[in-house]
Amino acid sequence: MNLLQRFKEFIQQQDLFHQKDKLIVAVSGGVDSVVLCELCKQSGYDFTIAHCNFQLRGQESERDEEFVRELGKEYNVEVLVKKFDTEKYAEENKKGIQEAARDLRYEWFGEIISRQSAPDSYRVVNRQTSNVKRETVNDKRQNEGSSHDPTTHHSPLTTHVLTAHHADDNIETAMMNFFRGTGLHGLEGIPLIHQYIRRPLLPFWKKELIRFAKENKLEFVEDSSNQSVKYTRNLFRNEIIPLISKVYPQVKTNLQDNINRFGEIRKLYQISVDEIKKKLCKVKNGEVHIPVKQLMAYHNRALIFEIISGYGFTEKQVDEVIKLTEAGSGKFIQSPTTPHRIIKFRNWLIISKEQPEDGEIIIIDEKTKNVQLSIPIAIGINFQFSILQTTNYKPETTNSIACIDADEITFPLILRKWKQGDYFYPLGMKKKKKLARFFIDQKLSKTEKEKTWVIEMNKKIIWVVGMRIDDRFRVTEKTKKILKISLETS
């Protein structure tokens, strides 16, 4: 079976894309991407060419751009070109050149996908300058519509970006990940599918692509930087793998087989991890509660990482989590990339979002019957206010209802978040107590404290919402009117 037939068969087997899909082929001008274009053309796919000019090799970069433009003319397809000041971006963001180029490349691909998925399609043909020109396409594609969702595996009439990564790239990546220490997921190499990205050449070796190019008399350009060992990938490609091949001639094939094995192992591993996480992790009010004793009984650092990684924590913070399990209540560690924290509370670890310090302040006047909290951490909380005329009324005593002597109340009232220094006289006590101390007595977690609201009057707290009223405003046998405040959640 020749390369074209295997290419078609692989796409069908993996359901990478369909015949009517719109394809954006990333083309550098090298043999890999040129072969990908030819395979797409011979397979009858509708595609556009996208070229990144990173401006890192002077005239050679300009040569590559012009070559890709001419290639677009040969195939009679759209050409999208973007120039990047890669060195400036790398310096400003404190990244290596290769990492900076990769970030810029995929960020632009995302922008292209967004445009292609919009109601209007655009043709971007940049033949003279680096500025992108757009004009509406009045052809059959405009009538086909678009239902692209970059997070799905496949949907009808979808736009995908195709890159020309092949089997040699894959084993180089797996080796670099192994030495870099990325864990099991890194040993799977380059993902075949990631959001809108598809890599249909992954099962094919570089030598197969070169042979196809010769058979089809394809022209391409050579990137001189591919020979420079200052780039890590080139060091593996040009020196390390050839050296290993002298001892293990089948090293490439063996590595590719290992990548496939690790992929299968990863699937089994994920099933096991998901089952354990389901047993350990209990979601309560938007927080994840994990029992320390059960977690540590597994004696497994990988499990801890699998639990915390989804909240922006890194593998290097696993040791911090282990130390946290032995720390006192209230201690926590912070995610470096998201507003999440892991808090130690008694015998639990709690993963929660950090709450903003400043909360909303709501003024409640005498005519108020209903108050709906609108802030993000309190959606669905509703207060009902009513005045009851009564004699010998026995007040309800639930956490969601506060019965106050209305004659002791002067409007307006203020509903706000509690703050350090707040105090009140808890019902049944004649001495004041700071809320911070009261919360300790109530054994509240850090996040439960952060979500606590109070209703106050003239700087006197009358109700710690959902917990206790102030004794100074309690209903007595002399009470004639009661202010009833009901707390409802939806």
# chains A, B, ... in the order shown; residues from 1 in each chain; ligands from 1
$ closest_atom_pairs --of "segment 158-220 of chain A" --to "segment 237-253 of chain A" --cutoff "9 Å" --atoms "only C-alpha atoms" --output "JSON lines"
{"residue": "A:Ala167", "atom": "CA", "partner": "A:Lys252", "partner_atom": "CA", "distance": 8.7}
{"residue": "A:Asp168", "atom": "CA", "partner": "A:Lys252", "partner_atom": "CA", "distance": 7.6}
{"residue": "A:Asp169", "atom": "CA", "partner": "A:Arg237", "partner_atom": "CA", "distance": 8.6}
{"residue": "A:Ile171", "atom": "CA", "partner": "A:Lys252", "partner_atom": "CA", "distance": 7.0}
{"residue": "A:Glu172", "atom": "CA", "partner": "A:Arg237", "partner_atom": "CA", "distance": 6.7}
$ write_last_selection --atoms "N, CA, C and O atoms" --output "short mmCIF file (atom, residue, chain, number, x, y, z; two decimals), in the first residue's frame"
data_model
loop_
_atom_site.label_atom_id
_atom_site.label_comp_id
_atom_site.auth_asym_id
_atom_site.auth_seq_id
_atom_site.Cartn_x
_atom_site.Cartn_y
_atom_site.Cartn_z
N ALA A 167 6.44 10.68 12.50
CA ALA A 167 6.89 9.70 13.49
C ALA A 167 8.24 10.07 14.10
O ALA A 167 8.47 9.87 15.29
N ASP A 168 9.16 10.63 13.29
CA ASP A 168 10.46 11.03 13.84
C ASP A 168 10.29 12.14 14.86
O ASP A 168 10.94 12.14 15.91
N ASP A 169 9.44 13.12 14.55
CA ASP A 169 9.14 14.19 15.52
C ASP A 169 8.59 13.59 16.81
O ASP A 169 8.90 14.06 17.91
N ILE A 171 8.99 10.53 18.22
CA ILE A 171 9.93 9.84 19.11
C ILE A 171 10.92 10.83 19.73
O ILE A 171 11.35 10.66 20.87
N GLU A 172 11.28 11.88 18.99
CA GLU A 172 12.15 12.92 19.55
C GLU A 172 11.46 13.60 20.73
O GLU A 172 12.07 13.83 21.77
#
$ residues_around --residues "segment 61-66 of chain A" --least-positions-apart "2" --cutoff "10 Å" --atoms "only C-alpha atoms" --output "PyMOL selection string"
chain A and resi 27-30+51-59+68-72+81-83+127-128+220-223
$ write_last_selection --atoms "N, CA, C and O atoms" --output "compact mmCIF listing (two decimals), in the first residue's frame"
# COMPACT_ATOMS: atom_id res chain seq x y z
N VAL A 27 2.14 25.35 6.82
CA VAL A 27 3.19 25.06 5.84
C VAL A 27 4.39 25.94 6.11
O VAL A 27 4.30 27.17 6.04
N SER A 28 5.52 25.31 6.39
CA SER A 28 6.77 26.06 6.57
C SER A 28 7.51 26.20 5.25
O SER A 28 8.31 27.11 5.07
N GLY A 29 7.25 25.25 4.34
CA GLY A 29 7.98 25.19 3.08
C GLY A 29 8.92 24.01 3.02
O GLY A 29 9.48 23.70 1.97
N GLY A 30 9.12 23.35 4.19
CA GLY A 30 9.97 22.17 4.24
C GLY A 30 9.27 20.96 3.64
O GLY A 30 8.07 21.00 3.33
N HIS A 51 1.09 30.19 6.81
CA HIS A 51 2.56 30.23 6.95
C HIS A 51 2.95 31.25 8.01
O HIS A 51 2.48 32.40 8.00
N CYS A 52 3.82 30.83 8.93
CA CYS A 52 4.37 31.72 9.95
C CYS A 52 5.77 32.15 9.55
O CYS A 52 6.64 31.31 9.30
N ASN A 53 6.00 33.46 9.50
CA ASN A 53 7.34 33.98 9.27
C ASN A 53 7.83 34.53 10.60
O ASN A 53 7.45 35.61 11.03
N PHE A 54 8.69 33.76 11.26
CA PHE A 54 9.17 34.15 12.59
C PHE A 54 10.32 35.15 12.52
O PHE A 54 10.79 35.62 13.57
N GLN A 55 10.79 35.47 11.33
CA GLN A 55 11.84 36.47 11.11
C GLN A 55 13.08 36.19 11.95
O GLN A 55 13.64 37.09 12.57
N LEU A 56 13.50 34.93 11.96
CA LEU A 56 14.66 34.54 12.76
C LEU A 56 15.88 34.25 11.90
O LEU A 56 16.99 34.12 12.43
N ARG A 57 15.71 34.12 10.56
CA ARG A 57 16.82 33.71 9.70
C ARG A 57 17.04 34.68 8.53
O ARG A 57 17.49 34.28 7.47
N GLY A 58 16.70 35.95 8.76
CA GLY A 58 16.96 36.98 7.77
C GLY A 58 16.34 36.70 6.41
O GLY A 58 15.15 36.41 6.31
N GLN A 59 17.15 36.73 5.37
CA GLN A 59 16.66 36.53 4.01
C GLN A 59 16.09 35.13 3.79
O GLN A 59 15.20 34.94 2.97
N VAL A 68 6.22 29.68 -0.10
CA VAL A 68 4.88 29.22 0.30
C VAL A 68 3.80 29.97 -0.48
O VAL A 68 2.78 29.38 -0.88
N ARG A 69 4.02 31.26 -0.73
CA ARG A 69 3.04 32.02 -1.53
C ARG A 69 2.92 31.40 -2.94
O ARG A 69 1.81 31.26 -3.47
N GLU A 70 4.07 31.07 -3.52
CA GLU A 70 4.05 30.47 -4.86
C GLU A 70 3.40 29.07 -4.82
O GLU A 70 2.72 28.67 -5.77
N LEU A 71 3.62 28.36 -3.73
CA LEU A 71 3.00 27.04 -3.58
C LEU A 71 1.47 27.18 -3.57
O LEU A 71 0.76 26.36 -4.18
N GLY A 72 1.00 28.23 -2.90
CA GLY A 72 -0.44 28.48 -2.88
C GLY A 72 -0.99 28.74 -4.27
O GLY A 72 -2.09 28.29 -4.61
N VAL A 81 -0.61 34.48 5.71
CA VAL A 81 0.77 34.69 6.15
C VAL A 81 0.77 35.67 7.31
O VAL A 81 0.05 36.67 7.30
N LYS A 82 1.59 35.37 8.31
CA LYS A 82 1.76 36.32 9.42
C LYS A 82 3.22 36.39 9.81
O LYS A 82 3.89 35.37 9.95
N LYS A 83 3.72 37.63 9.96
CA LYS A 83 5.08 37.85 10.41
C LYS A 83 5.06 38.06 11.93
O LYS A 83 4.16 38.71 12.46
N ARG A 127 0.06 38.98 -0.23
CA ARG A 127 1.12 38.77 -1.20
C ARG A 127 2.15 39.90 -1.22
O ARG A 127 3.19 39.77 -1.81
N GLN A 128 1.83 41.04 -0.57
CA GLN A 128 2.74 42.16 -0.67
C GLN A 128 3.34 42.56 0.69
O GLN A 128 4.51 42.86 0.76
N PHE A 220 10.77 21.84 -2.42
CA PHE A 220 10.64 22.33 -1.05
C PHE A 220 11.90 23.08 -0.68
O PHE A 220 12.88 23.08 -1.44
N VAL A 221 11.89 23.76 0.45
CA VAL A 221 13.06 24.53 0.89
C VAL A 221 13.64 23.89 2.14
O VAL A 221 12.94 23.22 2.90
N GLU A 222 14.93 24.09 2.35
CA GLU A 222 15.62 23.54 3.52
C GLU A 222 15.84 24.65 4.54
O GLU A 222 16.26 25.76 4.20
N ASP A 223 15.55 24.36 5.79
CA ASP A 223 15.78 25.30 6.90
C ASP A 223 17.17 25.04 7.46
O ASP A 223 17.42 23.98 8.04
$ residues_around --residues "segment 5-15 of chain A" --least-positions-apart "6" --cutoff "10 Å" --atoms "only C-alpha atoms" --output "count of residues only"
16
$ atom_distance --atom1 "atom CA of Ile387 of chain A" --atom2 "atom CA of Glu488 of chain A"
17.2 Å
$ select_by_dssp --residues "segment 171-219 of chain A" --states "helix (DSSP H, G or I)" --output "PDB file with all heavy atoms, in the first residue's frame"
ATOM      1  N   ILE A 171       8.988  10.527  18.218  1.00  0.00           N
ATOM      2  CA  ILE A 171       9.929   9.840  19.110  1.00  0.00           C
ATOM      3  C   ILE A 171      10.916  10.832  19.731  1.00  0.00           C
ATOM      4  O   ILE A 171      11.351  10.657  20.872  1.00  0.00           O
ATOM      5  CB  ILE A 171      10.681   8.699  18.391  1.00  0.00           C
ATOM      6  CG1 ILE A 171      11.564   9.228  17.269  1.00  0.00           C
ATOM      7  CG2 ILE A 171       9.697   7.656  17.870  1.00  0.00           C
ATOM      8  CD1 ILE A 171      12.493   8.163  16.685  1.00  0.00           C
ATOM      9  N   GLU A 172      11.275  11.882  18.986  1.00  0.00           N
ATOM     10  CA  GLU A 172      12.147  12.916  19.547  1.00  0.00           C
ATOM     11  C   GLU A 172      11.460  13.600  20.727  1.00  0.00           C
ATOM     12  O   GLU A 172      12.072  13.835  21.774  1.00  0.00           O
ATOM     13  CB  GLU A 172      12.499  13.945  18.476  1.00  0.00           C
ATOM     14  CG  GLU A 172      13.404  13.416  17.382  1.00  0.00           C
ATOM     15  CD  GLU A 172      13.335  14.234  16.094  1.00  0.00           C
ATOM     16  OE1 GLU A 172      12.682  15.313  16.102  1.00  0.00           O
ATOM     17  OE2 GLU A 172      13.918  13.786  15.079  1.00  0.00           O
ATOM     18  N   THR A 173      10.185  13.903  20.559  1.00  0.00           N
ATOM     19  CA  THR A 173       9.421  14.558  21.628  1.00  0.00           C
ATOM     20  C   THR A 173       9.325  13.662  22.856  1.00  0.00           C
ATOM     21  O   THR A 173       9.512  14.124  23.990  1.00  0.00           O
ATOM     22  CB  THR A 173       8.004  14.907  21.133  1.00  0.00           C
ATOM     23  OG1 THR A 173       8.104  15.835  20.052  1.00  0.00           O
ATOM     24  CG2 THR A 173       7.168  15.524  22.239  1.00  0.00           C
ATOM     25  N   ALA A 174       9.034  12.375  22.644  1.00  0.00           N
ATOM     26  CA  ALA A 174       8.922  11.442  23.766  1.00  0.00           C
ATOM     27  C   ALA A 174      10.247  11.340  24.528  1.00  0.00           C
ATOM     28  O   ALA A 174      10.270  11.311  25.766  1.00  0.00           O
ATOM     29  CB  ALA A 174       8.486  10.069  23.278  1.00  0.00           C
ATOM     30  N   MET A 175      11.360  11.297  23.782  1.00  0.00           N
ATOM     31  CA  MET A 175      12.668  11.223  24.430  1.00  0.00           C
ATOM     32  C   MET A 175      12.963  12.487  25.225  1.00  0.00           C
ATOM     33  O   MET A 175      13.437  12.430  26.368  1.00  0.00           O
ATOM     34  CB  MET A 175      13.767  11.007  23.385  1.00  0.00           C
ATOM     35  CG  MET A 175      13.829   9.598  22.832  1.00  0.00           C
ATOM     36  SD  MET A 175      15.303   9.341  21.786  1.00  0.00           S
ATOM     37  CE  MET A 175      16.617   9.388  23.007  1.00  0.00           C
ATOM     38  N   MET A 176      12.689  13.642  24.645  1.00  0.00           N
ATOM     39  CA  MET A 176      12.933  14.901  25.349  1.00  0.00           C
ATOM     40  C   MET A 176      12.068  14.994  26.600  1.00  0.00           C
ATOM     41  O   MET A 176      12.525  15.448  27.657  1.00  0.00           O
ATOM     42  CB  MET A 176      12.666  16.091  24.414  1.00  0.00           C
ATOM     43  CG  MET A 176      13.709  16.249  23.319  1.00  0.00           C
ATOM     44  SD  MET A 176      13.536  17.781  22.377  1.00  0.00           S
ATOM     45  CE  MET A 176      11.996  17.486  21.503  1.00  0.00           C
ATOM     46  N   ASN A 177      10.815  14.552  26.488  1.00  0.00           N
ATOM     47  CA  ASN A 177       9.925  14.569  27.653  1.00  0.00           C
ATOM     48  C   ASN A 177      10.427  13.644  28.753  1.00  0.00           C
ATOM     49  O   ASN A 177      10.316  13.956  29.944  1.00  0.00           O
ATOM     50  CB  ASN A 177       8.508  14.162  27.241  1.00  0.00           C
ATOM     51  CG  ASN A 177       7.802  15.242  26.445  1.00  0.00           C
ATOM     52  OD1 ASN A 177       8.211  16.403  26.471  1.00  0.00           O
ATOM     53  ND2 ASN A 177       6.757  14.870  25.734  1.00  0.00           N
ATOM     54  N   PHE A 178      10.966  12.493  28.349  1.00  0.00           N
ATOM     55  CA  PHE A 178      11.499  11.544  29.329  1.00  0.00           C
ATOM     56  C   PHE A 178      12.627  12.182  30.134  1.00  0.00           C
ATOM     57  O   PHE A 178      12.657  12.114  31.361  1.00  0.00           O
ATOM     58  CB  PHE A 178      11.998  10.284  28.629  1.00  0.00           C
ATOM     59  CG  PHE A 178      12.633   9.286  29.558  1.00  0.00           C
ATOM     60  CD1 PHE A 178      11.852   8.436  30.312  1.00  0.00           C
ATOM     61  CD2 PHE A 178      14.020   9.210  29.683  1.00  0.00           C
ATOM     62  CE1 PHE A 178      12.434   7.518  31.184  1.00  0.00           C
ATOM     63  CE2 PHE A 178      14.615   8.302  30.545  1.00  0.00           C
ATOM     64  CZ  PHE A 178      13.819   7.449  31.302  1.00  0.00           C
ATOM     65  N   PHE A 179      13.551  12.830  29.438  1.00  0.00           N
ATOM     66  CA  PHE A 179      14.683  13.434  30.139  1.00  0.00           C
ATOM     67  C   PHE A 179      14.296  14.719  30.868  1.00  0.00           C
ATOM     68  O   PHE A 179      14.926  15.087  31.861  1.00  0.00           O
ATOM     69  CB  PHE A 179      15.823  13.708  29.152  1.00  0.00           C
ATOM     70  CG  PHE A 179      16.497  12.454  28.664  1.00  0.00           C
ATOM     71  CD1 PHE A 179      16.303  11.995  27.368  1.00  0.00           C
ATOM     72  CD2 PHE A 179      17.314  11.716  29.506  1.00  0.00           C
ATOM     73  CE1 PHE A 179      16.904  10.832  26.919  1.00  0.00           C
ATOM     74  CE2 PHE A 179      17.925  10.545  29.070  1.00  0.00           C
ATOM     75  CZ  PHE A 179      17.723  10.107  27.777  1.00  0.00           C
ATOM     76  N   ARG A 180      13.244  15.366  30.372  1.00  0.00           N
ATOM     77  CA  ARG A 180      12.762  16.588  31.025  1.00  0.00           C
ATOM     78  C   ARG A 180      11.992  16.240  32.293  1.00  0.00           C
ATOM     79  O   ARG A 180      11.896  17.043  33.221  1.00  0.00           O
ATOM     80  CB  ARG A 180      11.876  17.370  30.055  1.00  0.00           C
ATOM     81  CG  ARG A 180      11.511  18.771  30.541  1.00  0.00           C
ATOM     82  CD  ARG A 180      10.540  19.435  29.592  1.00  0.00           C
ATOM     83  NE  ARG A 180      11.151  19.701  28.302  1.00  0.00           N
ATOM     84  CZ  ARG A 180      10.678  19.280  27.146  1.00  0.00           C
ATOM     85  NH1 ARG A 180       9.589  18.536  27.117  1.00  0.00           N
ATOM     86  NH2 ARG A 180      11.283  19.561  26.021  1.00  0.00           N
ATOM     87  N   LEU A 184       4.093  10.327  32.857  1.00  0.00           N
ATOM     88  CA  LEU A 184       3.559   9.353  31.903  1.00  0.00           C
ATOM     89  C   LEU A 184       2.966  10.015  30.669  1.00  0.00           C
ATOM     90  O   LEU A 184       3.157   9.547  29.546  1.00  0.00           O
ATOM     91  CB  LEU A 184       2.508   8.482  32.594  1.00  0.00           C
ATOM     92  CG  LEU A 184       1.849   7.395  31.738  1.00  0.00           C
ATOM     93  CD1 LEU A 184       2.894   6.445  31.184  1.00  0.00           C
ATOM     94  CD2 LEU A 184       0.812   6.635  32.568  1.00  0.00           C
ATOM     95  N   HIS A 185       2.235  11.124  30.855  1.00  0.00           N
ATOM     96  CA  HIS A 185       1.574  11.746  29.706  1.00  0.00           C
ATOM     97  C   HIS A 185       2.584  12.224  28.664  1.00  0.00           C
ATOM     98  O   HIS A 185       2.312  12.201  27.470  1.00  0.00           O
ATOM     99  CB  HIS A 185       0.697  12.913  30.164  1.00  0.00           C
ATOM    100  CG  HIS A 185       1.465  14.082  30.702  1.00  0.00           C
ATOM    101  ND1 HIS A 185       1.970  14.103  31.989  1.00  0.00           N
ATOM    102  CD2 HIS A 185       1.831  15.258  30.130  1.00  0.00           C
ATOM    103  CE1 HIS A 185       2.605  15.245  32.189  1.00  0.00           C
ATOM    104  NE2 HIS A 185       2.545  15.963  31.083  1.00  0.00           N
ATOM    105  N   GLY A 186       3.779  12.625  29.115  1.00  0.00           N
ATOM    106  CA  GLY A 186       4.795  13.087  28.171  1.00  0.00           C
ATOM    107  C   GLY A 186       5.386  11.967  27.336  1.00  0.00           C
ATOM    108  O   GLY A 186       5.872  12.197  26.233  1.00  0.00           O
ATOM    109  N   LEU A 187       5.324  10.736  27.856  1.00  0.00           N
ATOM    110  CA  LEU A 187       5.881   9.593  27.133  1.00  0.00           C
ATOM    111  C   LEU A 187       4.972   9.139  26.004  1.00  0.00           C
ATOM    112  O   LEU A 187       5.355   8.276  25.212  1.00  0.00           O
ATOM    113  CB  LEU A 187       6.135   8.444  28.110  1.00  0.00           C
ATOM    114  CG  LEU A 187       7.123   8.750  29.237  1.00  0.00           C
ATOM    115  CD1 LEU A 187       7.323   7.521  30.106  1.00  0.00           C
ATOM    116  CD2 LEU A 187       8.458   9.235  28.684  1.00  0.00           C
ATOM    117  N   GLU A 188       3.777   9.708  25.928  1.00  0.00           N
ATOM    118  CA  GLU A 188       2.884   9.401  24.808  1.00  0.00           C
ATOM    119  C   GLU A 188       3.242  10.199  23.565  1.00  0.00           C
ATOM    120  O   GLU A 188       2.640  10.005  22.506  1.00  0.00           O
ATOM    121  CB  GLU A 188       1.437   9.707  25.195  1.00  0.00           C
ATOM    122  CG  GLU A 188       0.881   8.820  26.287  1.00  0.00           C
ATOM    123  CD  GLU A 188      -0.545   9.178  26.624  1.00  0.00           C
ATOM    124  OE1 GLU A 188      -1.450   8.795  25.845  1.00  0.00           O
ATOM    125  OE2 GLU A 188      -0.762   9.844  27.647  1.00  0.00           O
ATOM    126  N   LYS A 206      10.007  10.084   8.415  1.00  0.00           N
ATOM    127  CA  LYS A 206      10.568  11.149   7.565  1.00  0.00           C
ATOM    128  C   LYS A 206      11.044  10.592   6.223  1.00  0.00           C
ATOM    129  O   LYS A 206      10.810  11.194   5.170  1.00  0.00           O
ATOM    130  CB  LYS A 206      11.730  11.811   8.306  1.00  0.00           C
ATOM    131  CG  LYS A 206      12.463  12.888   7.517  1.00  0.00           C
ATOM    132  CD  LYS A 206      11.805  14.234   7.699  1.00  0.00           C
ATOM    133  CE  LYS A 206      12.665  15.341   7.150  1.00  0.00           C
ATOM    134  NZ  LYS A 206      12.147  16.666   7.506  1.00  0.00           N
ATOM    135  N   LYS A 207      11.699   9.456   6.243  1.00  0.00           N
ATOM    136  CA  LYS A 207      12.232   8.886   4.999  1.00  0.00           C
ATOM    137  C   LYS A 207      11.104   8.549   4.021  1.00  0.00           C
ATOM    138  O   LYS A 207      11.292   8.624   2.797  1.00  0.00           O
ATOM    139  CB  LYS A 207      13.072   7.648   5.283  1.00  0.00           C
ATOM    140  CG  LYS A 207      12.338   6.491   5.924  1.00  0.00           C
ATOM    141  CD  LYS A 207      13.278   5.325   6.243  1.00  0.00           C
ATOM    142  CE  LYS A 207      12.522   4.162   6.881  1.00  0.00           C
ATOM    143  NZ  LYS A 207      13.431   3.042   7.235  1.00  0.00           N
ATOM    144  N   GLU A 208       9.919   8.196   4.552  1.00  0.00           N
ATOM    145  CA  GLU A 208       8.771   7.913   3.686  1.00  0.00           C
ATOM    146  C   GLU A 208       8.281   9.198   3.021  1.00  0.00           C
ATOM    147  O   GLU A 208       7.894   9.193   1.848  1.00  0.00           O
ATOM    148  CB  GLU A 208       7.638   7.289   4.491  1.00  0.00           C
ATOM    149  CG  GLU A 208       7.946   5.938   5.105  1.00  0.00           C
ATOM    150  CD  GLU A 208       6.766   5.387   5.883  1.00  0.00           C
ATOM    151  OE1 GLU A 208       6.621   5.728   7.076  1.00  0.00           O
ATOM    152  OE2 GLU A 208       5.966   4.634   5.281  1.00  0.00           O
ATOM    153  N   LEU A 209       8.316  10.294   3.759  1.00  0.00           N
ATOM    154  CA  LEU A 209       7.866  11.577   3.214  1.00  0.00           C
ATOM    155  C   LEU A 209       8.829  12.060   2.132  1.00  0.00           C
ATOM    156  O   LEU A 209       8.409  12.592   1.089  1.00  0.00           O
ATOM    157  CB  LEU A 209       7.754  12.620   4.334  1.00  0.00           C
ATOM    158  CG  LEU A 209       6.864  12.252   5.536  1.00  0.00           C
ATOM    159  CD1 LEU A 209       6.787  13.420   6.514  1.00  0.00           C
ATOM    160  CD2 LEU A 209       5.465  11.862   5.066  1.00  0.00           C
ATOM    161  N   ILE A 210      10.127  11.883   2.380  1.00  0.00           N
ATOM    162  CA  ILE A 210      11.137  12.281   1.381  1.00  0.00           C
ATOM    163  C   ILE A 210      10.976  11.461   0.106  1.00  0.00           C
ATOM    164  O   ILE A 210      11.060  11.997  -1.014  1.00  0.00           O
ATOM    165  CB  ILE A 210      12.560  12.125   1.968  1.00  0.00           C
ATOM    166  CG1 ILE A 210      12.765  13.128   3.117  1.00  0.00           C
ATOM    167  CG2 ILE A 210      13.614  12.310   0.887  1.00  0.00           C
ATOM    168  CD1 ILE A 210      14.077  12.955   3.865  1.00  0.00           C
ATOM    169  N   ARG A 211      10.743  10.159   0.269  1.00  0.00           N
ATOM    170  CA  ARG A 211      10.556   9.297  -0.902  1.00  0.00           C
ATOM    171  C   ARG A 211       9.316   9.726  -1.696  1.00  0.00           C
ATOM    172  O   ARG A 211       9.345   9.783  -2.936  1.00  0.00           O
ATOM    173  CB  ARG A 211      10.420   7.839  -0.455  1.00  0.00           C
ATOM    174  CG  ARG A 211      10.314   6.863  -1.640  1.00  0.00           C
ATOM    175  CD  ARG A 211      10.523   5.420  -1.218  1.00  0.00           C
ATOM    176  NE  ARG A 211       9.578   4.995  -0.202  1.00  0.00           N
ATOM    177  CZ  ARG A 211       9.923   4.657   1.045  1.00  0.00           C
ATOM    178  NH1 ARG A 211      11.199   4.710   1.420  1.00  0.00           N
ATOM    179  NH2 ARG A 211       9.015   4.273   1.909  1.00  0.00           N
ATOM    180  N   PHE A 212       8.239  10.060  -0.991  1.00  0.00           N
ATOM    181  CA  PHE A 212       7.014  10.523  -1.659  1.00  0.00           C
ATOM    182  C   PHE A 212       7.274  11.820  -2.420  1.00  0.00           C
ATOM    183  O   PHE A 212       6.794  12.007  -3.548  1.00  0.00           O
ATOM    184  CB  PHE A 212       5.897  10.724  -0.624  1.00  0.00           C
ATOM    185  CG  PHE A 212       4.598  11.199  -1.199  1.00  0.00           C
ATOM    186  CD1 PHE A 212       3.651  10.289  -1.677  1.00  0.00           C
ATOM    187  CD2 PHE A 212       4.295  12.563  -1.273  1.00  0.00           C
ATOM    188  CE1 PHE A 212       2.445  10.726  -2.211  1.00  0.00           C
ATOM    189  CE2 PHE A 212       3.100  13.006  -1.795  1.00  0.00           C
ATOM    190  CZ  PHE A 212       2.179  12.087  -2.269  1.00  0.00           C
ATOM    191  N   ALA A 213       8.052  12.728  -1.804  1.00  0.00           N
ATOM    192  CA  ALA A 213       8.363  14.002  -2.457  1.00  0.00           C
ATOM    193  C   ALA A 213       9.148  13.774  -3.750  1.00  0.00           C
ATOM    194  O   ALA A 213       8.885  14.422  -4.778  1.00  0.00           O
ATOM    195  CB  ALA A 213       9.157  14.894  -1.500  1.00  0.00           C
ATOM    196  N   LYS A 214      10.099  12.845  -3.719  1.00  0.00           N
ATOM    197  CA  LYS A 214      10.889  12.543  -4.919  1.00  0.00           C
ATOM    198  C   LYS A 214      10.015  11.915  -6.006  1.00  0.00           C
ATOM    199  O   LYS A 214      10.118  12.268  -7.188  1.00  0.00           O
ATOM    200  CB  LYS A 214      12.044  11.611  -4.563  1.00  0.00           C
ATOM    201  CG  LYS A 214      13.131  12.266  -3.717  1.00  0.00           C
ATOM    202  CD  LYS A 214      14.243  11.278  -3.395  1.00  0.00           C
ATOM    203  CE  LYS A 214      15.354  11.950  -2.592  1.00  0.00           C
ATOM    204  NZ  LYS A 214      16.425  10.985  -2.215  1.00  0.00           N
ATOM    205  N   GLU A 215       9.161  10.976  -5.608  1.00  0.00           N
ATOM    206  CA  GLU A 215       8.294  10.290  -6.575  1.00  0.00           C
ATOM    207  C   GLU A 215       7.338  11.263  -7.257  1.00  0.00           C
ATOM    208  O   GLU A 215       7.001  11.100  -8.433  1.00  0.00           O
ATOM    209  CB  GLU A 215       7.507   9.196  -5.862  1.00  0.00           C
ATOM    210  CG  GLU A 215       8.346   8.015  -5.411  1.00  0.00           C
ATOM    211  CD  GLU A 215       7.573   7.045  -4.531  1.00  0.00           C
ATOM    212  OE1 GLU A 215       6.416   7.380  -4.163  1.00  0.00           O
ATOM    213  OE2 GLU A 215       8.111   5.973  -4.197  1.00  0.00           O
TER     214      GLU A 215
END
$ residues_around --residues "segment 424-440 of chain A" --least-positions-apart "6" --cutoff "12 Å" --atoms "only C-alpha atoms" --output "NGL selection string"
:A and (329-330 or 345-346 or 397 or 402-404 or 417-418 or 446-457 or 459-465 or 467-475)
$ closest_residue --among "A:Ala90, A:Lys394, A:Leu324, A:Ile351" --to "Lys284 of chain A" --atoms "only C-alpha atoms"
A:Ile351
$ atom_distance --atom1 "atom CA of Gly183 of chain A" --atom2 "atom CA of Ile290 of chain A"
23.6 Å
$ select_by_dssp --residues "segment 231-352 of chain A" --states "strand (DSSP E)" --output "JSON, numbers by chain"
{"A": [282, 283, 284, 287, 288, 289, 290, 291, 332, 333, 334, 340, 341, 342, 343, 344, 345, 348, 349, 350, 351, 352]}
$ residues_around --residues "Lys88 of chain A" --least-positions-apart "4" --cutoff "12 Å" --atoms "only C-alpha atoms" --output "list in words"
Phe54, Gln55, Leu56, Phe84, Glu92, Asn93, Lys94, Lys95, Gly96, Ile97, Ala100, Ala101 and Leu104 of chain A
$ closest_residue --among "A:Asp319, A:Asp365, A:Glu287, A:Glu306" --to "Lys353 of chain A" --atoms "only C-alpha atoms"
A:Glu287
$ residues_around --residues "Ile362 of chain A" --least-positions-apart "2" --cutoff "8 Å" --atoms "only C-alpha atoms" --output "list in words"
Glu360, Ile364, Ile414, Leu415 and Arg416 of chain A
$ write_last_selection --atoms "C-alpha atoms" --output "PDB file, in the first residue's frame"
ATOM      1  CA  GLU A 360     -21.003  43.770  48.127  1.00  0.00           C
ATOM      2  CA  ILE A 364     -32.033  47.503  53.435  1.00  0.00           C
ATOM      3  CA  ILE A 414     -26.763  46.873  56.125  1.00  0.00           C
ATOM      4  CA  LEU A 415     -26.063  43.440  54.681  1.00  0.00           C
ATOM      5  CA  ARG A 416     -22.315  42.868  54.183  1.00  0.00           C
TER       6      ARG A 416
END
